[in-house]
file entry.pdb (PDB, C-alpha atoms)
ATOM      1  CA  MET K 324     -37.130   1.570 -82.137
ATOM      2  CA  THR K 325     -33.737   0.402 -83.346
ATOM      3  CA  ILE K 326     -32.709   1.775 -86.732
ATOM      4  CA  ARG K 327     -31.701  -1.060 -89.030
ATOM      5  CA  PHE K 328     -30.499  -1.323 -92.629
ATOM      6  CA  ASP K 329     -31.224  -4.965 -93.391
ATOM      7  CA  ASN K 330     -31.528  -5.635 -97.134
ATOM      8  CA  ARG K 331     -30.278  -2.115 -97.889
ATOM      9  CA  VAL K 332     -27.281  -1.484-100.135
ATOM     10  CA  ALA K 333     -25.122   1.542 -99.345
ATOM     11  CA  ILE K 334     -22.275   3.266-101.159
ATOM     12  CA  VAL K 335     -20.006   5.391 -98.975
ATOM     13  CA  THR K 336     -17.355   7.487-100.737
ATOM     14  CA  GLY K 337     -14.105   8.396 -99.047
ATOM     15  CA  ALA K 338     -14.682   5.445 -96.715
ATOM     16  CA  GLY K 339     -11.093   4.239 -96.350
ATOM     17  CA  GLY K 340     -10.678   6.189 -93.107
ATOM     18  CA  GLY K 341     -12.131   8.866 -90.856
ATOM     19  CA  LEU K 342     -15.816   9.676 -91.201
ATOM     20  CA  GLY K 343     -16.455   7.417 -94.174
ATOM     21  CA  ARG K 344     -14.984   4.427 -92.385
ATOM     22  CA  ALA K 345     -17.146   5.123 -89.332
ATOM     23  CA  TYR K 346     -20.257   5.355 -91.509
ATOM     24  CA  ALA K 347     -19.432   2.153 -93.386
ATOM     25  CA  LEU K 348     -18.722   0.145 -90.238
ATOM     26  CA  GLU K 349     -21.903   1.282 -88.507
ATOM     27  CA  LEU K 350     -24.090   0.717 -91.579
ATOM     28  CA  ALA K 351     -22.706  -2.810 -91.912
ATOM     29  CA  LYS K 352     -23.159  -3.443 -88.188
ATOM     30  CA  ARG K 353     -26.834  -2.564 -88.618
ATOM     31  CA  GLY K 354     -27.360  -4.896 -91.555
ATOM     32  CA  ALA K 355     -26.469  -2.976 -94.718
ATOM     33  CA  LYS K 356     -24.398  -4.321 -97.566
ATOM     34  CA  VAL K 357     -21.704  -1.681 -98.040
ATOM     35  CA  VAL K 358     -19.568  -0.478-100.910
ATOM     36  CA  VAL K 359     -16.434   1.039 -99.384
ATOM     37  CA  ASN K 360     -15.280   3.518-102.016
ATOM     38  CA  ASP K 361     -11.960   5.274-101.581
ATOM     39  CA  LEU K 362      -9.393   6.530-104.063
ATOM     40  CA  GLY K 363      -6.738   6.095-101.400
ATOM     41  CA  GLY K 364      -5.044   9.386-102.180
ATOM     42  CA  ALA K 365      -3.276  11.900 -99.984
ATOM     43  CA  ARG K 366      -5.134  14.686 -98.223
ATOM     44  CA  ASP K 367      -4.628  16.994-101.206
ATOM     45  CA  GLY K 368      -6.015  14.374-103.599
ATOM     46  CA  SER K 369      -2.734  13.113-105.041
ATOM     47  CA  GLY K 370      -1.950   9.410-105.463
ATOM     48  CA  SER K 371      -4.228   6.384-105.195
ATOM     49  CA  SER K 372      -4.449   2.962-103.537
ATOM     50  CA  ILE K 373      -7.330   0.608-102.796
ATOM     51  CA  GLY K 374      -5.560  -0.641 -99.681
ATOM     52  CA  ALA K 375      -7.374   1.587 -97.192
ATOM     53  CA  ALA K 376     -10.793   0.643 -98.574
ATOM     54  CA  GLN K 377      -9.922  -3.051 -98.462
ATOM     55  CA  LEU K 378      -8.897  -2.802 -94.805
ATOM     56  CA  VAL K 379     -12.347  -1.431 -93.952
ATOM     57  CA  VAL K 380     -13.980  -4.212 -95.966
ATOM     58  CA  ASP K 381     -11.885  -6.759 -94.076
ATOM     59  CA  GLU K 382     -13.120  -5.285 -90.782
ATOM     60  CA  ILE K 383     -16.733  -5.539 -91.907
ATOM     61  CA  ILE K 384     -16.380  -9.115 -93.130
ATOM     62  CA  ALA K 385     -14.556 -10.152 -89.953
ATOM     63  CA  ALA K 386     -17.519  -8.835 -87.970
ATOM     64  CA  GLY K 387     -19.941 -10.896 -90.059
ATOM     65  CA  GLY K 388     -21.053  -8.220 -92.502
ATOM     66  CA  GLU K 389     -21.031  -7.888 -96.292
ATOM     67  CA  ALA K 390     -18.894  -5.335 -98.114
ATOM     68  CA  ILE K 391     -16.813  -4.755-101.208
ATOM     69  CA  ALA K 392     -13.992  -2.299-101.871
ATOM     70  CA  ASN K 393     -13.897   0.108-104.790
ATOM     71  CA  GLY K 394     -11.148   2.531-105.772
ATOM     72  CA  ALA K 395     -12.959   4.744-108.292
ATOM     73  CA  SER K 396     -12.297   8.463-108.174
ATOM     74  CA  VAL K 397     -15.567  10.311-107.581
ATOM     75  CA  THR K 398     -14.528  12.732-110.320
ATOM     76  CA  ASP K 399     -14.335   9.946-112.929
ATOM     77  CA  ALA K 400     -17.890   9.499-114.216
ATOM     78  CA  ALA K 401     -17.056   6.380-116.238
ATOM     79  CA  ALA K 402     -15.438   4.691-113.234
ATOM     80  CA  VAL K 403     -18.340   5.642-110.959
ATOM     81  CA  ASP K 404     -20.867   4.326-113.490
ATOM     82  CA  LYS K 405     -18.892   1.081-113.662
ATOM     83  CA  MET K 406     -18.963   0.826-109.861
ATOM     84  CA  VAL K 407     -22.730   1.400-109.770
ATOM     85  CA  GLY K 408     -23.282  -1.176-112.529
ATOM     86  CA  PHE K 409     -21.234  -3.758-110.645
ATOM     87  CA  VAL K 410     -23.112  -3.111-107.397
ATOM     88  CA  LYS K 411     -26.508  -3.464-109.092
ATOM     89  CA  GLU K 412     -25.410  -6.694-110.749
ATOM     90  CA  ARG K 413     -24.157  -8.095-107.459
ATOM     91  CA  TRP K 414     -26.822  -6.917-105.033
ATOM     92  CA  GLY K 415     -29.693  -5.847-107.275
ATOM     93  CA  ARG K 416     -30.275  -2.346-105.923
ATOM     94  CA  ILE K 417     -28.711   0.776-104.411
ATOM     95  CA  ASP K 418     -30.570   2.368-101.514
ATOM     96  CA  ILE K 419     -28.093   4.731 -99.897
ATOM     97  CA  LEU K 420     -25.357   7.039-101.127
ATOM     98  CA  ILE K 421     -23.196   8.969 -98.691
ATOM     99  CA  ASN K 422     -21.105  11.571-100.516
ATOM    100  CA  ASN K 423     -18.197  11.897 -98.115
ATOM    101  CA  ALA K 424     -15.056  11.988-100.295
ATOM    102  CA  GLY K 425     -13.049  15.192-100.150
ATOM    103  CA  ILE K 426      -9.666  16.873-100.279
ATOM    104  CA  LEU K 427      -8.099  19.992 -98.788
ATOM    105  CA  ARG K 428      -5.889  22.589-100.448
ATOM    106  CA  ASP K 429      -6.011  25.388 -97.903
ATOM    107  CA  ARG K 430      -4.441  28.759 -98.654
ATOM    108  CA  THR K 431      -5.501  32.352 -98.379
ATOM    109  CA  PHE K 432      -7.298  33.476-101.512
ATOM    110  CA  VAL K 433      -4.439  35.748-102.576
ATOM    111  CA  LYS K 434      -2.044  32.773-102.552
ATOM    112  CA  MET K 435      -4.464  30.184-103.921
ATOM    113  CA  SER K 436      -3.984  29.049-107.501
ATOM    114  CA  LEU K 437      -6.986  28.570-109.751
ATOM    115  CA  ASP K 438      -5.995  24.915-110.005
ATOM    116  CA  ASP K 439      -6.258  24.548-106.218
ATOM    117  CA  PHE K 440      -9.701  26.132-106.380
ATOM    118  CA  ARG K 441     -10.896  23.947-109.250
ATOM    119  CA  GLN K 442      -9.581  20.710-107.764
ATOM    120  CA  VAL K 443     -11.439  21.204-104.498
ATOM    121  CA  ILE K 444     -14.643  22.146-106.337
ATOM    122  CA  ASP K 445     -14.194  19.135-108.616
ATOM    123  CA  VAL K 446     -13.871  16.596-105.802
ATOM    124  CA  HIS K 447     -16.383  17.940-103.290
ATOM    125  CA  LEU K 448     -19.070  19.395-105.532
ATOM    126  CA  MET K 449     -18.701  17.651-108.883
ATOM    127  CA  GLY K 450     -17.719  14.379-107.204
ATOM    128  CA  SER K 451     -21.008  14.436-105.314
ATOM    129  CA  VAL K 452     -22.856  15.345-108.522
ATOM    130  CA  VAL K 453     -21.200  12.493-110.437
ATOM    131  CA  CYS K 454     -22.019   9.890-107.773
ATOM    132  CA  THR K 455     -25.554  11.154-107.251
ATOM    133  CA  LYS K 456     -26.242  11.214-110.979
ATOM    134  CA  ALA K 457     -24.990   7.636-111.251
ATOM    135  CA  VAL K 458     -27.513   6.299-108.701
ATOM    136  CA  TRP K 459     -30.414   8.705-109.294
ATOM    137  CA  GLU K 460     -32.285   6.757-111.961
ATOM    138  CA  THR K 461     -31.942   3.512-110.001
ATOM    139  CA  MET K 462     -33.430   5.177-106.936
ATOM    140  CA  ARG K 463     -36.258   6.664-109.023
ATOM    141  CA  GLU K 464     -37.095   3.224-110.426
ATOM    142  CA  GLN K 465     -37.039   1.712-106.931
ATOM    143  CA  THR K 466     -39.100   4.637-105.576
ATOM    144  CA  PHE K 467     -36.651   4.635-102.698
ATOM    145  CA  GLY K 468     -33.361   6.377-102.097
ATOM    146  CA  ARG K 469     -31.403   8.100 -99.374
ATOM    147  CA  ILE K 470     -28.614  10.509-100.327
ATOM    148  CA  LEU K 471     -26.384  12.368 -97.886
ATOM    149  CA  MET K 472     -24.269  15.341 -98.900
ATOM    150  CA  THR K 473     -21.424  16.644 -96.739
ATOM    151  CA  THR K 474     -21.124  20.342 -96.013
ATOM    152  CA  SER K 475     -19.078  21.967 -93.239
ATOM    153  CA  SER K 476     -18.951  24.926 -90.905
ATOM    154  CA  THR K 477     -16.705  26.554 -93.512
ATOM    155  CA  GLY K 478     -19.440  26.305 -96.120
ATOM    156  CA  LEU K 479     -22.154  27.457 -93.752
ATOM    157  CA  TYR K 480     -20.272  30.181 -91.886
ATOM    158  CA  GLY K 481     -16.817  30.656 -93.419
ATOM    159  CA  ASN K 482     -13.282  29.985 -92.224
ATOM    160  CA  PHE K 483     -10.043  31.820 -92.991
ATOM    161  CA  GLY K 484      -7.942  30.265 -95.754
ATOM    162  CA  GLN K 485     -10.636  27.963 -97.130
ATOM    163  CA  ALA K 486     -12.347  29.897 -99.922
ATOM    164  CA  ASN K 487     -12.295  26.915-102.286
ATOM    165  CA  TYR K 488     -13.532  24.461 -99.660
ATOM    166  CA  GLY K 489     -16.236  26.816 -98.404
ATOM    167  CA  ALA K 490     -17.532  27.515-101.895
ATOM    168  CA  ALA K 491     -17.790  23.792-102.652
ATOM    169  CA  LYS K 492     -19.408  22.951 -99.346
ATOM    170  CA  LEU K 493     -22.144  25.560 -99.487
ATOM    171  CA  ALA K 494     -22.857  24.590-103.099
ATOM    172  CA  LEU K 495     -23.730  21.114-101.827
ATOM    173  CA  VAL K 496     -26.466  22.586 -99.645
ATOM    174  CA  GLY K 497     -27.986  24.189-102.727
ATOM    175  CA  LEU K 498     -27.725  20.881-104.579
ATOM    176  CA  MET K 499     -29.495  19.106-101.738
ATOM    177  CA  LYS K 500     -32.334  21.620-101.676
ATOM    178  CA  THR K 501     -33.214  21.190-105.329
ATOM    179  CA  LEU K 502     -32.738  17.405-105.355
ATOM    180  CA  SER K 503     -35.006  17.141-102.303
ATOM    181  CA  LEU K 504     -37.768  18.730-104.370
ATOM    182  CA  GLU K 505     -37.105  16.666-107.492
ATOM    183  CA  GLY K 506     -36.778  13.378-105.618
ATOM    184  CA  ALA K 507     -39.770  13.720-103.303
ATOM    185  CA  LYS K 508     -42.381  11.941-105.429
ATOM    186  CA  TYR K 509     -39.975   9.067-106.067
ATOM    187  CA  GLY K 510     -39.291   8.373-102.396
ATOM    188  CA  ILE K 511     -35.799   9.855-102.596
ATOM    189  CA  LYS K 512     -34.789  11.862 -99.542
ATOM    190  CA  VAL K 513     -31.712  14.053 -99.683
ATOM    191  CA  ASN K 514     -30.048  15.556 -96.605
ATOM    192  CA  THR K 515     -26.745  17.141 -95.633
ATOM    193  CA  ILE K 516     -24.416  16.656 -92.698
ATOM    194  CA  ALA K 517     -21.909  19.198 -91.394
ATOM    195  CA  PRO K 518     -19.379  17.159 -89.386
ATOM    196  CA  VAL K 519     -17.064  18.431 -86.692
ATOM    197  CA  ALA K 520     -14.683  15.510 -86.396
ATOM    198  CA  ALA K 521     -11.100  14.456 -85.788
ATOM    199  CA  THR K 522      -9.884  13.129 -89.126
ATOM    200  CA  ARG K 523      -6.752  13.588 -91.222
ATOM    201  CA  MET K 524      -8.594  16.503 -92.853
ATOM    202  CA  THR K 525      -8.771  18.378 -89.527
ATOM    203  CA  GLU K 526      -5.716  17.146 -87.628
ATOM    204  CA  ASP K 527      -3.761  20.333 -88.376
ATOM    205  CA  LEU K 528      -6.675  22.678 -87.693
ATOM    206  CA  VAL K 529      -7.842  21.675 -84.198
ATOM    207  CA  PRO K 530      -5.887  21.436 -80.894
ATOM    208  CA  PRO K 531      -5.126  17.831 -79.808
ATOM    209  CA  GLU K 532      -7.162  18.112 -76.596
ATOM    210  CA  LEU K 533     -10.253  18.933 -78.640
ATOM    211  CA  LEU K 534      -9.542  16.321 -81.308
ATOM    212  CA  ALA K 535      -9.754  13.671 -78.588
ATOM    213  CA  LYS K 536     -13.437  14.536 -78.113
ATOM    214  CA  MET K 537     -14.253  14.660 -81.818
ATOM    215  CA  GLY K 538     -13.930  11.121 -83.108
ATOM    216  CA  PRO K 539     -15.820  10.184 -86.284
ATOM    217  CA  GLU K 540     -18.049   7.981 -84.147
ATOM    218  CA  THR K 541     -19.549  11.178 -82.693
ATOM    219  CA  VAL K 542     -20.818  12.172 -86.145
ATOM    220  CA  ALA K 543     -22.029   8.768 -87.350
ATOM    221  CA  PRO K 544     -25.328   8.751 -85.386
ATOM    222  CA  ALA K 545     -26.611  11.785 -87.282
ATOM    223  CA  ALA K 546     -25.394  10.463 -90.631
ATOM    224  CA  LEU K 547     -27.135   7.134 -90.148
ATOM    225  CA  TYR K 548     -30.384   8.768 -89.120
ATOM    226  CA  LEU K 549     -30.299  10.972 -92.219
ATOM    227  CA  VAL K 550     -30.105   7.895 -94.493
ATOM    228  CA  SER K 551     -32.549   5.723 -92.560
ATOM    229  CA  ASP K 552     -35.987   4.641 -93.758
ATOM    230  CA  ASP K 553     -37.656   7.293 -91.580
ATOM    231  CA  ALA K 554     -35.214  10.077 -92.457
ATOM    232  CA  PRO K 555     -36.414  13.638 -92.947
ATOM    233  CA  ALA K 556     -35.621  15.497 -96.165
ATOM    234  CA  ASN K 557     -33.892  18.790 -96.891
ATOM    235  CA  ALA K 558     -32.222  18.879 -93.470
ATOM    236  CA  VAL K 559     -28.762  20.180 -92.622
ATOM    237  CA  ILE K 560     -27.486  18.667 -89.374
ATOM    238  CA  ASN K 561     -24.302  19.809 -87.656
ATOM    239  CA  ALA K 562     -22.794  16.945 -85.681
ATOM    240  CA  GLY K 563     -19.732  16.179 -83.596
ATOM    241  CA  ALA K 564     -18.340  15.780 -80.087
ATOM    242  CA  GLY K 565     -21.810  15.010 -78.735
ATOM    243  CA  GLY K 566     -23.459  18.098 -80.209
ATOM    244  CA  PHE K 567     -26.245  17.957 -82.781
ATOM    245  CA  GLU K 568     -27.828  21.084 -84.263
ATOM    246  CA  ARG K 569     -29.895  21.914 -87.319
ATOM    247  CA  ALA K 570     -28.787  24.692 -89.652
ATOM    248  CA  TYR K 571     -31.209  26.765 -91.745
ATOM    249  CA  VAL K 572     -30.985  29.345 -94.505
ATOM    250  CA  THR K 573     -33.328  31.969 -93.104
ATOM    251  CA  LEU K 574     -34.976  35.082 -94.493
ATOM    252  CA  THR K 575     -35.778  38.240 -92.560
ATOM    253  CA  ARG K 576     -39.125  39.955 -92.976
ATOM    254  CA  GLY K 577     -37.253  42.904 -94.445
ATOM    255  CA  ILE K 578     -38.960  46.009 -95.783
ATOM    256  CA  HIS K 579     -41.145  46.842 -98.774
ATOM    257  CA  VAL K 580     -41.120  50.314-100.241
ATOM    258  CA  ALA K 581     -42.904  52.332-102.892
ATOM    259  CA  PRO K 582     -41.230  52.778-106.329
ATOM    260  CA  GLU K 583     -40.049  56.293-105.522
ATOM    261  CA  ASP K 584     -38.184  54.945-102.459
ATOM    262  CA  MET K 585     -36.305  52.184-104.302
ATOM    263  CA  THR K 586     -32.912  53.878-103.954
ATOM    264  CA  PRO K 587     -29.525  52.971-102.484
ATOM    265  CA  GLU K 588     -30.110  55.708 -99.914
ATOM    266  CA  THR K 589     -33.239  53.922 -98.673
ATOM    267  CA  ILE K 590     -31.293  50.690 -98.279
ATOM    268  CA  ALA K 591     -28.570  52.506 -96.334
ATOM    269  CA  ALA K 592     -31.033  54.311 -94.092
ATOM    270  CA  ARG K 593     -33.078  51.211 -93.342
ATOM    271  CA  PHE K 594     -30.397  48.518 -93.362
ATOM    272  CA  ALA K 595     -30.963  47.771 -89.670
ATOM    273  CA  GLU K 596     -34.643  47.059 -90.402
ATOM    274  CA  ILE K 597     -33.731  44.841 -93.349
ATOM    275  CA  SER K 598     -31.348  42.932 -91.091
ATOM    276  CA  ASP K 599     -33.734  42.541 -88.145
ATOM    277  CA  ARG K 600     -34.121  38.808 -87.460
ATOM    278  CA  ILE K 601     -37.324  39.018 -85.441
ATOM    279  CA  GLY K 602     -39.945  36.972 -87.245
ATOM    280  CA  GLU K 603     -37.499  35.526 -89.791
ATOM    281  CA  ILE K 604     -38.704  32.566 -91.838
ATOM    282  CA  VAL K 605     -37.389  29.615 -93.837
ATOM    283  CA  PRO K 606     -38.980  29.550 -97.328
ATOM    284  CA  ASP K 607     -39.784  26.068 -98.631
ATOM    285  CA  THR K 608     -38.378  26.897-102.081
ATOM    286  CA  GLY K 609     -36.652  29.673-103.957
ATOM    287  CA  ALA K 610     -39.933  30.254-105.795
ATOM    288  CA  ALA K 611     -41.672  30.772-102.445
ATOM    289  CA  GLN K 612     -39.190  33.511-101.587
ATOM    290  CA  GLY K 613     -39.782  35.171-104.930
ATOM    291  CA  ALA K 614     -43.537  34.956-104.517
ATOM    292  CA  MET K 615     -43.261  36.527-101.099
ATOM    293  CA  ALA K 616     -41.339  39.476-102.516
ATOM    294  CA  LEU K 617     -43.794  39.915-105.388
ATOM    295  CA  GLY K 618     -46.801  39.605-103.123
ATOM    296  CA  ALA K 619     -45.555  42.360-100.887
ATOM    297  CA  VAL K 620     -45.200  44.922-103.675
TER     298      VAL K 620
END

call {"tool": "encode", "arguments": {"input": "entry.pdb", "output": "structure tokens"}}
result
Amino acid sequence: MTIRFDNRVAIVTGAGGGLGRAYALELAKRGAKVVVNDLGGARDGSGSSIGAAQLVVDEIIAAGGEAIANGASVTDAAAVDKMVGFVKERWGRIDILINNAGILRDRTFVKMSLDDFRQVIDVHLMGSVVCTKAVWETMREQTFGRILMTTSSTGLYGNFGQANYGAAKLALVGLMKTLSLEGAKYGIKVNTIAPVAATRMTEDLVPPELLAKMGPETVAPAALYLVSDDAPANAVINAGAGGFERAYVTLTRGIHVAPEDMTPETIAARFAEISDRIGEIVPDTGAAQGAMALGAV
């Protein structure tokens, strides 16, 4: 069955180039009306221009699709609310939000200023919160919504020199997990993608021979599935260069001890048992993990 987005309205942030552009073009190709949002700033978030977003819109229209450009910063709640209001007035609904906008300010933690840390958190995490909050009530009223967060291998597994980026990216997984629970009865499905792609964000981090295999088009199939009508919920998909994997936050079976053995020495002596991954599980909720611990005492 071909996945289509006819009569769906999608907002894609950071869509003036790279991954966002690939998502916007493919959504439009498959029938969606697309809002191409992009501040048009530099890689570190400085500056602004709607030119890049408009070029993507021009591509979509030239191919017979429908799209509009928007230059709101995802960190500006008033501007995002204005964008959402305009889209609802024009097209009547908002079905899909892809939170893709981001910046990089890479440095080792010892050299990183607090401003560099806050700015990255503000764009990646709070930008996604701002945009999601702006469309949430509309999606609840429609009893339909698809929201995609963007994490990364840095958030999931860590990378040298990216403490700010990693903190923001893993926070988005936590956001997804709670919103998946809160949105379920309203038909809102929230997922997360972890792209491995050749974009201006990664051009200095990956050798050219590998970049050639990592075009944004290699990530787009997973992103589109995760915002489709038949999408799962609460899924983290790693995608890029032809590889697609699912990432989980797992829990080992661990140990359970009597009150007299609840000591640091017990933890030290039995740390290998606590760490043993045989039989590990994936709790459905944080409450389920807590209940498991309480039930074992």

call {"tool": "closest_residue", "arguments": {"input": "entry.pdb", "among": "K:Ile604, K:Ile334, K:Ala535, K:Ala610", "to": "Ala347 of chain K", "atoms": "all atoms listed in the file"}}
result
K:Ile334

call {"tool": "residues_around", "arguments": {"input": "entry.pdb", "residues": "segment 431-434 of chain K", "least_positions_apart": "5", "cutoff": "7 Å", "atoms": "only C-alpha atoms", "output": "MDAnalysis selection string"}}
result
chainID K and resid 484:486

call {"tool": "resolve_selection", "arguments": {"input": "entry.pdb", "expression": "the PyMOL selection byres ((chain K and resi 360) around 8)", "output": "ChimeraX atom specification"}}
result
/K:334-339,358-359,361-362,376,392-395

call {"tool": "atom_distance", "arguments": {"input": "entry.pdb", "atom1": "atom CA of Arg469 of chain K", "atom2": "atom CA of Asp552 of chain K"}}
result
8.0 Å

call {"tool": "atom_distance", "arguments": {"input": "entry.pdb", "atom1": "atom CA of Gly563 of chain K", "atom2": "atom CA of Leu533 of chain K"}}
result
11.0 Å

call {"tool": "residues_around", "arguments": {"input": "entry.pdb", "residues": "Ile384 of chain K", "least_positions_apart": "5", "cutoff": "12 Å", "atoms": "all atoms listed in the file", "output": "ChimeraX atom specification"}}
result
/K:347-348,351-352,354-357,359,377-379,389-392

call {"tool": "atom_distance", "arguments": {"input": "entry.pdb", "atom1": "atom CA of Thr515 of chain K", "atom2": "atom CA of Thr455 of chain K"}}
result
13.1 Å

call {"tool": "resolve_selection", "arguments": {"input": "entry.pdb", "expression": "the PyMOL selection byres ((chain K and resi 407) around 10)", "output": "ChimeraX atom specification"}}
result
/K:334,358,401-406,408-413,416-417,454,457-458,461
